[in-house]
$ cat coords.pdb   # PDB, C-alpha atoms
ATOM      1  CA  MET A  25     -17.185  -8.350  22.371
ATOM      2  CA  GLU A  26     -16.913 -11.351  20.063
ATOM      3  CA  GLU A  27     -20.685 -11.856  20.178
ATOM      4  CA  ARG A  28     -21.240  -8.229  19.134
ATOM      5  CA  LEU A  29     -18.963  -8.706  16.116
ATOM      6  CA  LYS A  30     -20.809 -11.869  15.123
ATOM      7  CA  ARG A  31     -24.134 -10.028  15.303
ATOM      8  CA  LEU A  32     -22.718  -7.156  13.232
ATOM      9  CA  LYS A  33     -21.432  -9.579  10.603
ATOM     10  CA  ASN A  34     -24.801 -11.352  10.463
ATOM     11  CA  ALA A  35     -26.654  -8.052  10.175
ATOM     12  CA  MET A  36     -24.404  -6.908   7.346
ATOM     13  CA  ASN A  37     -24.804 -10.216   5.509
ATOM     14  CA  ASN A  38     -28.574 -10.250   5.983
ATOM     15  CA  HIS A  39     -29.271  -6.599   5.201
ATOM     16  CA  THR A  40     -26.429  -4.454   3.916
ATOM     17  CA  PHE A  41     -24.768  -6.862   1.486
ATOM     18  CA  ARG A  42     -27.709  -9.147   0.786
ATOM     19  CA  GLN A  43     -28.250  -7.808  -2.724
ATOM     20  CA  VAL A  44     -24.571  -7.518  -3.637
ATOM     21  CA  GLU A  45     -23.261 -10.491  -5.572
ATOM     22  CA  PHE A  46     -19.729 -10.832  -6.836
ATOM     23  CA  THR A  47     -18.900 -13.211  -9.633
ATOM     24  CA  ASP A  48     -15.418 -14.645  -9.956
ATOM     25  CA  ILE A  49     -14.752 -12.141 -12.740
ATOM     26  CA  HIS A  50     -15.744  -9.257 -10.435
ATOM     27  CA  ARG A  51     -13.454 -10.583  -7.708
ATOM     28  CA  GLN A  52     -10.546 -10.915 -10.131
ATOM     29  CA  LYS A  53     -11.026  -7.372 -11.452
ATOM     30  CA  ILE A  54     -11.207  -5.958  -7.932
ATOM     31  CA  ASN A  55      -8.094  -7.846  -6.846
ATOM     32  CA  GLN A  56      -6.223  -6.652  -9.947
ATOM     33  CA  GLN A  57      -7.198  -3.030  -9.268
ATOM     34  CA  ILE A  58      -6.172  -3.295  -5.621
ATOM     35  CA  GLU A  59      -2.807  -4.851  -6.529
ATOM     36  CA  GLN A  60      -2.199  -2.158  -9.128
ATOM     37  CA  LEU A  61      -2.972   0.574  -6.597
ATOM     38  CA  GLN A  62      -0.718  -1.089  -4.041
ATOM     39  CA  GLU A  63       2.212  -1.360  -6.447
ATOM     40  CA  GLU A  64       1.913   2.337  -7.249
ATOM     41  CA  ASP A  65       1.778   3.196  -3.571
ATOM     42  CA  VAL A  66       4.732   1.061  -2.416
ATOM     43  CA  SER A  67       7.201   3.867  -3.053
ATOM     44  CA  LYS A  68       4.949   6.360  -1.225
ATOM     45  CA  VAL A  69       4.681   4.003   1.728
ATOM     46  CA  LEU A  70       8.428   3.444   1.725
ATOM     47  CA  LEU A  71       8.991   7.184   1.964
ATOM     48  CA  SER A  72       6.567   7.460   4.865
ATOM     49  CA  LEU A  73       8.354   4.634   6.692
ATOM     50  CA  LEU A  74      11.704   6.361   6.423
ATOM     51  CA  ASN A  75      11.118   9.030   9.061
ATOM     52  CA  GLN A  76      14.169   7.388  10.630
ATOM     53  CA  ALA A  77      16.926   5.384   8.930
ATOM     54  CA  LYS A  78      15.952   1.742   8.411
ATOM     55  CA  THR A  79      17.410  -1.355   6.786
ATOM     56  CA  GLY A  80      15.794  -2.975   3.778
ATOM     57  CA  SER A  81      14.728  -5.923   5.944
ATOM     58  CA  GLU A  82      13.013  -3.613   8.416
ATOM     59  CA  LEU A  83      11.186  -1.893   5.561
ATOM     60  CA  ILE A  84       9.993  -5.224   4.124
ATOM     61  CA  GLN A  85       8.668  -6.286   7.540
ATOM     62  CA  LEU A  86       6.812  -2.993   7.917
ATOM     63  CA  LEU A  87       5.301  -3.352   4.434
ATOM     64  CA  HIS A  88       4.107  -6.853   5.312
ATOM     65  CA  ILE A  89       2.571  -5.526   8.522
ATOM     66  CA  ARG A  90       0.750  -2.834   6.528
ATOM     67  CA  GLY A  91      -0.705  -5.522   4.284
ATOM     68  CA  ILE A  92       0.967  -4.561   1.033
ATOM     69  CA  ASN A  93       0.631  -7.882  -0.756
ATOM     70  CA  GLY A  94       2.294  -6.761  -3.976
ATOM     71  CA  ILE A  95       5.694  -7.613  -2.512
ATOM     72  CA  LEU A  96       4.881 -11.027  -1.067
ATOM     73  CA  ASN A  97       7.431 -13.538  -2.366
ATOM     74  CA  ASN A  98       8.994 -10.709  -4.352
ATOM     75  CA  GLU A  99      10.945  -8.685  -1.808
ATOM     76  CA  GLY A 100      13.500  -7.802  -4.479
ATOM     77  CA  THR A 101      10.963  -5.261  -5.716
ATOM     78  CA  VAL A 102      11.522  -3.228  -2.553
ATOM     79  CA  PHE A 103      15.277  -3.156  -3.077
ATOM     80  CA  THR A 104      14.774  -2.171  -6.708
ATOM     81  CA  ILE A 105      12.569   0.743  -5.627
ATOM     82  CA  LEU A 106      15.078   1.740  -2.945
ATOM     83  CA  HIS A 107      17.921   1.685  -5.481
ATOM     84  CA  GLU A 108      15.907   3.734  -8.007
ATOM     85  CA  GLN A 109      14.999   6.307  -5.358
ATOM     86  CA  GLU A 110      18.612   6.475  -4.265
ATOM     87  CA  GLN A 111      19.668   7.119  -7.877
ATOM     88  CA  GLN A 112      17.051   9.914  -8.087
ATOM     89  CA  GLY A 113      18.403  11.556  -4.939
ATOM     90  CA  VAL A 114      15.282  10.826  -2.884
ATOM     91  CA  LEU A 115      17.157   8.479  -0.520
ATOM     92  CA  GLU A 116      20.697   8.010   0.615
ATOM     93  CA  SER A 117      22.224   4.931   2.159
ATOM     94  CA  TYR A 118      25.111   4.038   4.410
ATOM     95  CA  TRP A 119      26.629   0.914   5.888
ATOM     96  CA  SER A 120      26.633   0.398   9.649
ATOM     97  CA  GLU A 121      29.458  -1.095  11.686
ATOM     98  CA  ASN A 122      27.666  -4.463  11.748
ATOM     99  CA  ASN A 123      27.522  -4.478   7.922
ATOM    100  CA  GLU A 124      23.855  -3.546   7.483
ATOM    101  CA  LYS A 125      22.783  -1.084   4.840
ATOM    102  CA  TYR A 126      20.535   1.714   6.107
ATOM    103  CA  TYR A 127      18.343   3.997   4.027
ATOM    104  CA  LYS A 128      17.214   7.486   4.935
ATOM    105  CA  LEU A 129      15.438  10.364   3.244
ATOM    106  CA  THR A 130      17.346  13.237   1.700
ATOM    107  CA  LYS A 131      15.941  16.765   1.770
ATOM    108  CA  LYS A 132      14.471  16.089  -1.661
ATOM    109  CA  GLY A 133      12.829  12.933  -0.281
ATOM    110  CA  GLN A 134      11.398  14.876   2.662
ATOM    111  CA  LYS A 135       9.839  17.387   0.271
ATOM    112  CA  ILE A 136       8.322  14.591  -1.816
ATOM    113  CA  LEU A 137       7.001  12.952   1.346
ATOM    114  CA  GLN A 138       5.363  16.203   2.448
ATOM    115  CA  LYS A 139       3.653  16.495  -0.943
ATOM    116  CA  THR A 140       2.359  12.916  -0.787
ATOM    117  CA  MET A 141       1.030  13.416   2.739
ATOM    118  CA  LEU A 142      -1.344  16.149   1.547
ATOM    119  CA  PRO A 143      -5.060  15.286   1.446
ATOM    120  CA  LYS A 144      -6.319  13.028  -1.328
ATOM    121  CA  THR A 145      -6.250  14.466  -4.797
ATOM    122  CA  SER A 146      -8.971  13.928  -7.342
ATOM    123  CA  GLY A 147      -6.699  11.497  -9.201
ATOM    124  CA  GLU A 148      -6.907   8.874  -6.455
ATOM    125  CA  LEU A 149      -9.754   6.383  -6.414
ATOM    126  CA  SER A 150     -11.984   5.818  -3.443
ATOM    127  CA  VAL A 151     -13.338   2.340  -2.681
ATOM    128  CA  LYS A 152     -16.714   3.402  -4.090
ATOM    129  CA  GLN A 153     -15.094   4.647  -7.313
ATOM    130  CA  LEU A 154     -13.095   1.430  -7.572
ATOM    131  CA  PHE A 155     -16.290  -0.589  -7.130
ATOM    132  CA  HIS A 156     -18.055   1.363  -9.889
ATOM    133  CA  LYS A 157     -15.032   1.064 -12.161
ATOM    134  CA  VAL A 158     -15.099  -2.727 -11.842
ATOM    135  CA  MET A 159     -18.901  -3.019 -11.952
ATOM    136  CA  PRO A 160     -19.948  -0.047 -14.119
ATOM    137  CA  ASN A 161     -23.472  -1.305 -14.834
ATOM    138  CA  GLU A 162     -24.299  -2.001 -11.209
ATOM    139  CA  ASN A 163     -26.019   0.492  -8.887
TER     140      ASN A 163
END

$ encode --input "coords.pdb" --output "structure tokens"
Amino acid sequence: MEERLKRLKNAMNNHTFRQVEFTDIHRQKINQQIEQLQEEDVSKVLLSLLNQAKTGSELIQLLHIRGINGILNNEGTVFTILHEQEQQGVLESYWSENNEKYYKLTKKGQKILQKTMLPKTSGELSVKQLFHKVMPNEN
């Protein structure tokens, strides 16, 4: 299996991506766009993770697993989002017997989650659109 992946990588480098060149500026722009998209989506992902009550620590671990890098070394952002959503009535929290704070969706939060789980809207960018936004003069 590993040999097949190596051959695929070589084929892609030699044929598919041979003519694509990224400068450092292109890489920075792409990374900035990806981080911006991820920050906007953190609250959506949090809602989707709360199909059952979870602690803030559990949510942070799940975000790390999903590769959301916008919160690396800044886990306080997650708690800020949780607090804001709680203030808006999207989430509610409670303390367990072992002194852990759990978060869960309210009915309002469930409705918002259902809306966000609908198919992509035209306002969201695809990878191809993101690429053309960063490199508008490239074909």

$ atom_distance --input "coords.pdb" --atom1 "atom CA of A:Ile105" --atom2 "atom CA of A:Glu82"
14.7 Å

$ atom_distance --input "coords.pdb" --atom1 "atom CA of A:Lys131" --atom2 "atom CA of A:Ile95"
26.8 Å

$ resolve_selection --input "coords.pdb" --expression "the PyMOL selection byres ((chain A and resi 133) around 8)" --output "JSON, numbers by chain"
{"A": [71, 113, 114, 115, 129, 130, 131, 132, 134, 135, 136, 137]}

$ closest_residue --input "coords.pdb" --among "A:Asn122, A:Thr104, A:Asn97, A:Gln111" --to "A:Leu70" --atoms "all atoms listed in the file"
A:Thr104

$ atom_distance --input "coords.pdb" --atom1 "atom CA of A:Gln76" --atom2 "atom CA of A:Ser120"
14.3 Å

$ closest_residue --input "coords.pdb" --among "A:Leu106, A:Ile92, A:Ile54, A:Ile84" --to "A:Lys128" --atoms "all atoms listed in the file"
A:Leu106

$ closest_residue --input "coords.pdb" --among "A:Gln112, A:Val102, A:Asn55, A:His50" --to "A:Val69" --atoms "all atoms listed in the file"
A:Val102
